[in-house]
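Data block for target03.tsv (TSV, C-alpha atoms and all ligand atoms):
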chain	number	residue	atom	x	y	z
A	238	MET	CA	19.52	-0.37	-37.21
A	239	ASN	CA	15.96	-1.68	-37.40
A	240	THR	CA	13.49	-1.44	-34.53
A	241	ALA	CA	14.46	-4.79	-33.02
A	242	GLU	CA	18.13	-3.83	-33.08
A	243	ILE	CA	17.42	-0.46	-31.51
A	244	ASP	CA	15.38	-2.19	-28.85
A	245	ARG	CA	18.28	-4.54	-28.11
A	246	ALA	CA	20.74	-1.64	-28.00
A	247	LEU	CA	18.53	0.29	-25.57
A	248	ARG	CA	18.29	-2.72	-23.28
A	249	ALA	CA	22.04	-3.32	-23.49
A	250	LEU	CA	22.48	0.28	-22.38
A	251	ARG	CA	19.97	-0.35	-19.57
A	252	LEU	CA	17.51	2.14	-21.02
A	253	SER	CA	14.49	-0.07	-20.48
A	254	GLY	CA	12.15	2.90	-20.04
A	255	MET	CA	12.95	4.02	-23.57
A	256	ALA	CA	12.83	0.47	-24.89
A	257	GLU	CA	9.34	-0.06	-23.49
A	258	THR	CA	7.76	2.94	-25.21
A	259	LEU	CA	9.88	2.77	-28.39
A	260	SER	CA	7.20	1.39	-30.70
A	261	THR	CA	4.62	3.91	-29.46
A	262	ARG	CA	7.03	6.81	-29.86
A	263	VAL	CA	7.87	5.69	-33.41
A	264	MET	CA	4.18	5.60	-34.33
A	265	GLN	CA	3.60	8.94	-32.66
A	266	ALA	CA	6.50	10.56	-34.53
A	267	GLN	CA	5.24	9.22	-37.86
A	268	ALA	CA	1.61	10.12	-37.25
A	269	ALA	CA	2.36	13.66	-36.10
A	270	GLN	CA	5.37	14.35	-38.34
A	271	GLN	CA	7.06	15.24	-35.09
A	272	PRO	CA	10.42	17.05	-35.08
A	273	PHE	CA	13.26	14.73	-34.06
A	274	LEU	CA	14.14	16.65	-30.90
A	275	GLU	CA	10.58	16.42	-29.64
A	276	THR	CA	10.59	12.65	-30.06
A	277	LEU	CA	13.96	12.34	-28.38
A	278	GLY	CA	12.75	14.50	-25.51
A	279	ALA	CA	9.66	12.34	-25.02
A	280	MET	CA	11.81	9.19	-25.02
A	281	LEU	CA	14.20	10.60	-22.44
A	282	GLN	CA	11.24	11.56	-20.27
A	283	ASP	CA	9.95	7.97	-20.51
A	284	GLU	CA	13.27	6.75	-19.19
A	285	LEU	CA	13.29	9.28	-16.34
A	286	ASP	CA	9.69	8.45	-15.36
A	287	ARG	CA	10.43	4.78	-15.32
A	288	ARG	CA	13.53	5.18	-13.18
A	289	ARG	CA	11.72	7.39	-10.73
A	290	SER	CA	8.88	4.94	-10.26
A	291	ARG	CA	11.27	1.98	-9.92
A	292	LEU	CA	13.12	3.93	-7.26
A	293	MET	CA	9.89	4.56	-5.37
A	294	GLN	CA	8.87	0.92	-5.65
A	295	ARG	CA	12.14	-0.15	-4.13
A	296	ARG	CA	12.02	2.37	-1.28
A	297	PHE	CA	9.88	0.18	0.92
A	298	LEU	CA	12.23	-2.74	0.41
A	299	VAL	CA	15.37	-0.65	0.85
A	300	ASP	CA	14.24	1.31	3.92
A	301	PHE	CA	13.01	-1.70	5.79
A	302	ASP	CA	15.46	-3.46	8.09
A	303	TRP	CA	14.51	-7.13	7.91
A	304	ARG	CA	17.22	-8.07	10.41
A	305	PHE	CA	15.64	-5.96	13.15
A	306	ASN	CA	12.67	-8.31	13.52
A	307	PRO	CA	13.75	-11.54	11.85
A	308	LYS	CA	10.45	-13.30	12.60
A	309	LEU	CA	8.38	-11.05	10.34
A	310	PRO	CA	6.67	-12.92	7.49
A	311	ARG	CA	8.98	-11.54	4.86
A	312	ALA	CA	7.81	-13.62	1.91
A	313	ALA	CA	4.17	-12.79	2.66
A	314	CYS	CA	5.03	-9.06	2.82
A	315	PHE	CA	6.59	-9.15	-0.64
A	316	GLU	CA	3.71	-11.23	-1.92
A	317	LEU	CA	1.28	-8.57	-0.69
A	318	HIS	CA	3.43	-5.87	-2.31
A	319	THR	CA	2.99	-7.57	-5.70
A	320	LEU	CA	-0.72	-6.60	-5.43
A	321	LYS	CA	-1.88	-9.88	-6.88
A	322	PHE	CA	-4.45	-9.98	-4.09
A	323	VAL	CA	-6.04	-6.74	-5.33
A	324	GLY	CA	-6.62	-8.29	-8.74
A	325	GLU	CA	-8.13	-11.33	-7.05
A	326	GLY	CA	-10.20	-9.28	-4.62
A	327	THR	CA	-8.87	-11.05	-1.53
A	328	ASN	CA	-8.06	-9.49	1.84
A	329	ALA	CA	-5.13	-9.21	4.22
A	330	LEU	CA	-5.03	-8.95	7.98
A	331	ILE	CA	-1.78	-7.68	9.48
A	332	VAL	CA	-1.72	-8.22	13.23
A	333	GLY	CA	0.94	-7.80	15.84
A	334	LYS	CA	2.86	-5.69	18.31
A	335	PRO	CA	3.07	-1.90	18.01
A	336	GLY	CA	6.01	-0.42	16.14
A	337	THR	CA	6.82	-3.56	14.18
A	338	GLY	CA	6.05	-2.06	10.77
A	339	LYS	CA	2.41	-2.96	10.12
A	340	SER	CA	1.46	0.56	9.02
A	341	HIS	CA	4.71	0.85	7.09
A	342	LEU	CA	3.74	-2.22	5.04
A	343	ALA	CA	0.12	-1.09	4.63
A	344	LYS	CA	1.23	2.32	3.35
A	345	ALA	CA	3.78	0.78	1.00
A	346	VAL	CA	1.06	-1.45	-0.43
A	347	ALA	CA	-1.33	1.51	-0.74
A	348	TYR	CA	1.31	3.55	-2.49
A	349	GLN	CA	2.23	0.75	-4.86
A	350	ALA	CA	-1.43	0.28	-5.72
A	351	THR	CA	-1.85	3.96	-6.63
A	352	LEU	CA	1.22	3.69	-8.86
A	353	GLN	CA	-0.44	0.81	-10.65
A	354	GLY	CA	-3.53	2.88	-11.27
A	355	TYR	CA	-5.81	1.38	-8.66
A	356	ASP	CA	-8.27	3.55	-6.82
A	357	VAL	CA	-7.09	3.34	-3.21
A	358	ARG	CA	-8.46	4.62	0.06
A	359	TYR	CA	-6.34	4.67	3.23
A	360	LEU	CA	-8.14	5.23	6.53
A	361	GLU	CA	-6.95	5.63	10.07
A	362	ALA	CA	-9.79	3.40	11.05
A	363	ASP	CA	-10.68	4.50	14.56
A	364	ALA	CA	-10.67	8.20	13.74
A	365	GLU	CA	-12.75	7.73	10.60
A	366	PHE	CA	-15.25	5.45	12.32
A	367	ALA	CA	-15.61	7.97	15.12
A	368	ARG	CA	-16.32	10.61	12.47
A	369	TYR	CA	-18.91	8.29	10.96
A	370	ALA	CA	-20.59	7.83	14.33
A	371	LEU	CA	-21.10	11.60	14.61
A	372	ALA	CA	-22.24	12.08	11.01
A	373	THR	CA	-25.75	12.70	9.76
A	374	THR	CA	-27.58	10.03	7.78
A	375	ASP	CA	-26.71	11.71	4.48
A	376	GLU	CA	-23.07	12.05	5.41
A	377	ARG	CA	-22.97	8.43	6.50
A	378	THR	CA	-24.29	7.33	3.13
A	379	ARG	CA	-21.65	9.38	1.39
A	380	LEU	CA	-18.83	8.12	3.64
A	381	LEU	CA	-19.88	4.52	3.21
A	382	LYS	CA	-19.89	4.97	-0.57
A	383	GLU	CA	-16.35	6.36	-0.40
A	384	TRP	CA	-15.25	3.32	1.57
A	385	VAL	CA	-16.96	0.74	-0.61
A	386	GLU	CA	-16.10	2.08	-4.05
A	387	PRO	CA	-12.27	2.00	-4.22
A	388	ASP	CA	-10.46	-1.07	-5.57
A	389	LEU	CA	-8.47	-1.24	-2.36
A	390	LEU	CA	-9.39	-0.08	1.12
A	391	ILE	CA	-6.82	0.09	3.92
A	392	LEU	CA	-8.11	0.19	7.48
A	393	ASP	CA	-5.09	1.07	9.54
A	394	ASP	CA	-5.06	0.49	13.28
A	395	LEU	CA	-8.45	-1.04	13.69
A	396	PHE	CA	-9.66	-1.93	17.20
A	397	LEU	CA	-7.30	0.28	19.13
A	398	ALA	CA	-10.05	0.48	21.69
A	399	ARG	CA	-10.51	-2.75	23.57
A	400	ARG	CA	-14.15	-2.90	22.65
A	401	MET	CA	-15.40	-1.49	19.42
A	402	ALA	CA	-18.07	1.16	19.64
A	403	GLU	CA	-21.40	-0.07	18.35
A	404	THR	CA	-21.51	2.21	15.29
A	405	ALA	CA	-17.92	1.28	14.42
A	406	ALA	CA	-18.87	-2.39	14.45
A	407	GLU	CA	-21.90	-1.60	12.30
A	408	VAL	CA	-19.99	0.34	9.68
A	409	LEU	CA	-17.26	-2.28	9.59
A	410	GLN	CA	-19.90	-4.89	8.94
A	411	LEU	CA	-21.42	-2.79	6.14
A	412	ILE	CA	-18.03	-2.21	4.55
A	413	VAL	CA	-16.94	-5.82	4.76
A	414	HIS	CA	-20.24	-7.21	3.47
A	415	GLN	CA	-20.50	-4.84	0.53
A	416	ARG	CA	-16.88	-5.13	-0.49
A	417	TYR	CA	-17.09	-8.90	-0.18
A	418	LYS	CA	-19.98	-9.00	-2.62
A	419	LEU	CA	-18.06	-6.81	-5.07
A	420	ARG	CA	-14.83	-8.79	-4.56
A	421	ARG	CA	-12.88	-5.74	-3.53
A	422	SER	CA	-9.88	-6.07	-1.27
A	423	VAL	CA	-9.51	-4.81	2.27
A	424	VAL	CA	-6.25	-4.61	4.19
A	425	ILE	CA	-6.56	-4.30	7.95
A	426	THR	CA	-3.79	-3.64	10.44
A	427	SER	CA	-4.37	-4.11	14.14
A	428	ASN	CA	-2.45	-4.31	17.39
A	429	ARG	CA	-4.77	-6.86	18.79
A	430	VAL	CA	-7.24	-9.36	17.62
A	431	VAL	CA	-10.47	-8.68	19.37
A	432	THR	CA	-13.69	-10.53	19.23
A	433	MET	CA	-15.60	-9.55	16.15
A	434	ALA	CA	-19.06	-10.60	15.15
A	435	THR	CA	-18.70	-13.88	13.27
A	436	THR	CA	-20.70	-12.47	10.35
A	437	ILE	CA	-17.95	-9.91	9.81
A	438	LEU	CA	-15.14	-12.38	10.42
A	439	ASP	CA	-16.55	-15.01	8.07
A	440	ARG	CA	-16.55	-12.71	5.09
A	441	LEU	CA	-13.32	-11.02	5.99
A	442	MET	CA	-11.43	-14.25	6.53
A	443	HIS	CA	-12.98	-16.25	3.73
A	444	ARG	CA	-10.29	-15.16	1.30
A	445	CYS	CA	-7.65	-13.58	3.46
A	446	ALA	CA	-3.91	-13.60	4.04
A	447	MET	CA	-2.90	-13.46	7.71
A	448	LEU	CA	0.39	-11.74	8.47
A	449	GLU	CA	1.69	-11.86	12.03
A	450	PHE	CA	4.14	-9.18	13.07
A	451	GLU	CA	5.95	-10.52	16.11
A	452	GLY	CA	8.91	-8.60	17.39
A	453	LYS	CA	10.20	-5.50	19.08
A	454	SER	CA	9.19	-1.92	18.41
A	455	TYR	CA	11.28	-0.03	15.93
A	456	ARG	CA	10.10	3.17	17.61
A	457	MET	CA	12.13	2.14	20.66
A	458	LYS	CA	15.15	1.74	18.48
A	459	GLU	CA	14.63	5.21	17.02
A	460	ALA	CA	14.15	6.70	20.48
A	461	ALA	CA	17.27	4.93	21.78
A	462	ALA	CA	19.26	6.30	18.86
A	463	ARG	CA	18.13	9.81	19.70
A	464	ILE	CA	19.15	9.41	23.33
A	465	ALA	CA	22.53	8.03	22.29
A	466	ILE	CA	23.13	11.10	20.13
A	467	GLY	CA	22.31	13.21	23.15
A	468	PRO	CA	20.20	16.30	23.69
A	469	GLU	CA	20.55	19.06	21.19
A	470	THR	CA	22.95	21.75	22.35
A	471	SER	CA	21.38	25.03	21.50
A	501	LIG	N1	12.09	-3.27	10.54
A	501	LIG	C1	12.00	-1.94	10.30
A	501	LIG	N2	12.94	-1.31	9.57
A	501	LIG	C2	12.86	0.02	9.36
A	501	LIG	N3	11.89	0.82	9.84
A	501	LIG	C3	10.91	0.25	10.57
A	501	LIG	C4	10.92	-1.15	10.84
A	501	LIG	N4	9.81	-1.44	11.58
A	501	LIG	C5	9.18	-0.28	11.75
A	501	LIG	N5	9.84	0.74	11.16
A	501	LIG	C6	9.50	2.17	11.24
A	501	LIG	O1	9.13	2.42	12.59
A	501	LIG	C7	8.00	3.26	12.68
A	501	LIG	C8	6.86	2.53	13.33
A	501	LIG	O2	6.38	1.52	12.46
A	501	LIG	P1	4.84	1.33	12.10
A	501	LIG	O3	4.73	0.72	10.77
A	501	LIG	O4	4.12	2.62	12.32
A	501	LIG	O5	4.43	0.29	13.24
A	501	LIG	P2	3.01	-0.35	13.57
A	501	LIG	O6	2.03	0.14	12.58
A	501	LIG	O7	3.24	-1.83	13.52
A	501	LIG	O8	2.70	0.10	14.97
A	501	LIG	C9	7.70	3.70	11.27
A	501	LIG	O9	8.37	4.92	11.02
A	501	LIG	C10	8.31	2.59	10.40
A	501	LIG	O10	8.69	3.06	9.14
A	502	MG	MG	0.36	1.37	12.89
Is it possible to give me this structure as structure tokens?
Amino acid sequence: MNTAEIDRALRALRLSGMAETLSTRVMQAQAAQQPFLETLGAMLQDELDRRRSRLMQRRFLVDFDWRFNPKLPRAACFELHTLKFVGEGTNALIVGKPGTGKSHLAKAVAYQATLQGYDVRYLEADAEFARYALATTDERTRLLKEWVEPDLLILDDLFLARRMAETAAEVLQLIVHQRYKLRRSVVITSNRVVTMATTILDRLMHRCAMLEFEGKSYRMKEAAARIAIGPETS
């Protein structure tokens, strides 16, 4: 068999992980005069790695029950999960009722982005902004740098408090302005849309996907299931 035929055979056998690295592994084996078993081992590892990462990619899609809240913007969720928006430097705002899966989606997107080699930062926004408010000037500079530098920043559960603390609003403005200039994406999840300074909103919403999560809380469903099973007998 020549390389093309081997490639076809691997794909027919559904060994796409091996097929994808075949040409590299051939070069490597020739360049290093590698023993056959070592090359075979590396190829098998390629297949295992690929299967593992495909499995992880699918987890979010498999675990999620789209029938539970049929009004969720399903197509937009998958679109976000493709990470095209990270390449384009646009933003996403995921708003809606508690327990509907906003954080689930945000984490799935964050995870997917790390798999693809992006530098990602996930923040529980209120807690981190509270930390910022208490920080010294030097620490604030360092924190802000950490929040501006990554390719993708996730601010989970922003605006839990009805009114944002002044410093929180300030740091949000700094983050949004600087990331906007650098064309770096921000994903925000929130239970409510509160009034934000228009200077923040303008930049945030200029290139932004809006995802509305309307529906019932999945946490209730989980709690109900636990009650139905009954208290533990021990
Ligand atoms: N439709 C769904 N199918 C499966 N699990 C879900 C669904 N919606 C939410 N969950 C799960 O319920 C819990 C609460 O969801 P979460 O994403 O934290 O809600 P939110 O951030 O919108 O308040 C999480 O464990 C999440 O994985
Ligand atoms: Mg949440």
Hey, which residues sit close to ligand LIG 501 (chain A)? Say within 8 Å, counting only C-alpha atoms and all ligand atoms, and write them as JSON, numbers by chain.
{"A": [300, 301, 302, 303, 304, 305, 306, 333, 334, 335, 336, 337, 338, 339, 340, 341, 342, 343, 393, 394, 426, 427, 428, 450, 454, 455, 456, 459]}
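If you look at CA of Ala460 in chain A and CA of Arg429 in chain A, they are 23.3 Å away from each other.
Coordinates place CA of Met447 in chain A at a distance of 22.9 Å from CA of Glu407 in chain A.
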Show me, as a list in words, the residues that have an atom within 9 Å of Ala402 in chain A when counting all atoms listed in the file, minus same-chain residues fewer than 3 positions from it.
Phe366, Ala367, Ala370, Ala398, Ala405, Ala406 and Glu407 of chain A
Could you write those residues out with C-alpha atoms, as a PDB file, in the coordinates of the input?
ATOM      1  CA  PHE A 366     -15.250   5.450  12.320  1.00  0.00           C
ATOM      2  CA  ALA A 367     -15.610   7.970  15.120  1.00  0.00           C
ATOM      3  CA  ALA A 370     -20.590   7.830  14.330  1.00  0.00           C
ATOM      4  CA  ALA A 398     -10.050   0.480  21.690  1.00  0.00           C
ATOM      5  CA  ALA A 405     -17.920   1.280  14.420  1.00  0.00           C
ATOM      6  CA  ALA A 406     -18.870  -2.390  14.450  1.00  0.00           C
ATOM      7  CA  GLU A 407     -21.900  -1.600  12.300  1.00  0.00           C
TER       8      GLU A 407
END
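Separating CA of Leu317 in chain A from CA of Val357 in chain A is a distance of 14.8 Å.
Closest to ligand MG 502 (chain A) among A:Tyr417, A:Phe396, A:Phe273, A:Phe315 is A:Phe396, based on all atoms listed in the file.
Distances to Lys344 in chain A were evaluated for A:Ile391, A:Ala313, A:Ala462, A:Leu411 using only C-alpha atoms, and the minimum falls at A:Ile391.
Counting all atoms listed in the file and comparing A:Leu392, A:Ala312, A:Gln282, A:Glu257, the residue that lies closest to ligand MG 502 (chain A) is A:Leu392.
Nearest residue to Leu281 in chain A among A:Leu247, A:Cys314, A:Ile412, A:Ile437 is A:Leu247, counting all atoms listed in the file.
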Give me range 354-379 of chain A with N, CA and C atoms filled in, as a compact mmCIF listing (two decimals), in the coordinates of the input.
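Ended up saving to result_24.txt:
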# COMPACT_ATOMS: atom_id res chain seq x y z
N GLY A 354 -2.28 2.36 -10.72
CA GLY A 354 -3.53 2.88 -11.27
C GLY A 354 -4.78 2.42 -10.56
N TYR A 355 -4.62 1.76 -9.42
CA TYR A 355 -5.81 1.38 -8.66
C TYR A 355 -6.33 2.58 -7.90
N ASP A 356 -7.63 2.55 -7.65
CA ASP A 356 -8.27 3.55 -6.82
C ASP A 356 -8.13 3.05 -5.37
N VAL A 357 -7.44 3.81 -4.55
CA VAL A 357 -7.09 3.34 -3.21
C VAL A 357 -7.59 4.31 -2.15
N ARG A 358 -8.06 3.78 -1.05
CA ARG A 358 -8.46 4.62 0.06
C ARG A 358 -7.76 4.12 1.32
N TYR A 359 -7.04 5.02 2.00
CA TYR A 359 -6.34 4.67 3.23
C TYR A 359 -7.01 5.37 4.39
N LEU A 360 -7.45 4.62 5.39
CA LEU A 360 -8.14 5.23 6.53
C LEU A 360 -7.45 4.90 7.84
N GLU A 361 -7.29 5.92 8.67
CA GLU A 361 -6.95 5.63 10.07
C GLU A 361 -8.28 5.25 10.70
N ALA A 362 -8.45 3.96 10.86
CA ALA A 362 -9.79 3.40 11.05
C ALA A 362 -10.55 4.00 12.22
N ASP A 363 -9.94 4.04 13.39
CA ASP A 363 -10.68 4.50 14.56
C ASP A 363 -11.17 5.92 14.40
N ALA A 364 -10.30 6.79 13.91
CA ALA A 364 -10.67 8.20 13.74
C ALA A 364 -11.82 8.34 12.74
N GLU A 365 -11.72 7.62 11.64
CA GLU A 365 -12.75 7.73 10.60
C GLU A 365 -14.08 7.15 11.07
N PHE A 366 -14.01 6.06 11.83
CA PHE A 366 -15.25 5.45 12.32
C PHE A 366 -15.89 6.33 13.38
N ALA A 367 -15.07 7.03 14.13
CA ALA A 367 -15.61 7.97 15.12
C ALA A 367 -16.32 9.11 14.39
N ARG A 368 -15.72 9.57 13.28
CA ARG A 368 -16.32 10.61 12.47
C ARG A 368 -17.68 10.12 11.92
N TYR A 369 -17.69 8.89 11.50
CA TYR A 369 -18.91 8.29 10.96
C TYR A 369 -20.01 8.28 12.03
N ALA A 370 -19.61 7.93 13.25
CA ALA A 370 -20.59 7.83 14.33
C ALA A 370 -21.27 9.17 14.58
N LEU A 371 -20.54 10.27 14.36
CA LEU A 371 -21.10 11.60 14.61
C LEU A 371 -21.81 12.19 13.39
N ALA A 372 -21.73 11.51 12.27
CA ALA A 372 -22.24 12.08 11.01
C ALA A 372 -23.76 11.94 10.90
N THR A 373 -24.32 12.80 10.05
CA THR A 373 -25.75 12.70 9.76
C THR A 373 -25.99 11.52 8.82
N THR A 374 -27.25 11.18 8.64
CA THR A 374 -27.58 10.03 7.78
C THR A 374 -27.03 10.21 6.37
N ASP A 375 -27.20 11.43 5.83
CA ASP A 375 -26.71 11.71 4.48
C ASP A 375 -25.20 11.56 4.39
N GLU A 376 -24.53 12.13 5.40
CA GLU A 376 -23.07 12.05 5.41
C GLU A 376 -22.62 10.59 5.54
N ARG A 377 -23.33 9.85 6.34
CA ARG A 377 -22.97 8.43 6.50
C ARG A 377 -23.06 7.69 5.18
N THR A 378 -24.12 7.98 4.43
CA THR A 378 -24.29 7.33 3.13
C THR A 378 -23.13 7.67 2.21
N ARG A 379 -22.74 8.93 2.24
CA ARG A 379 -21.65 9.38 1.39
C ARG A 379 -20.31 8.74 1.81
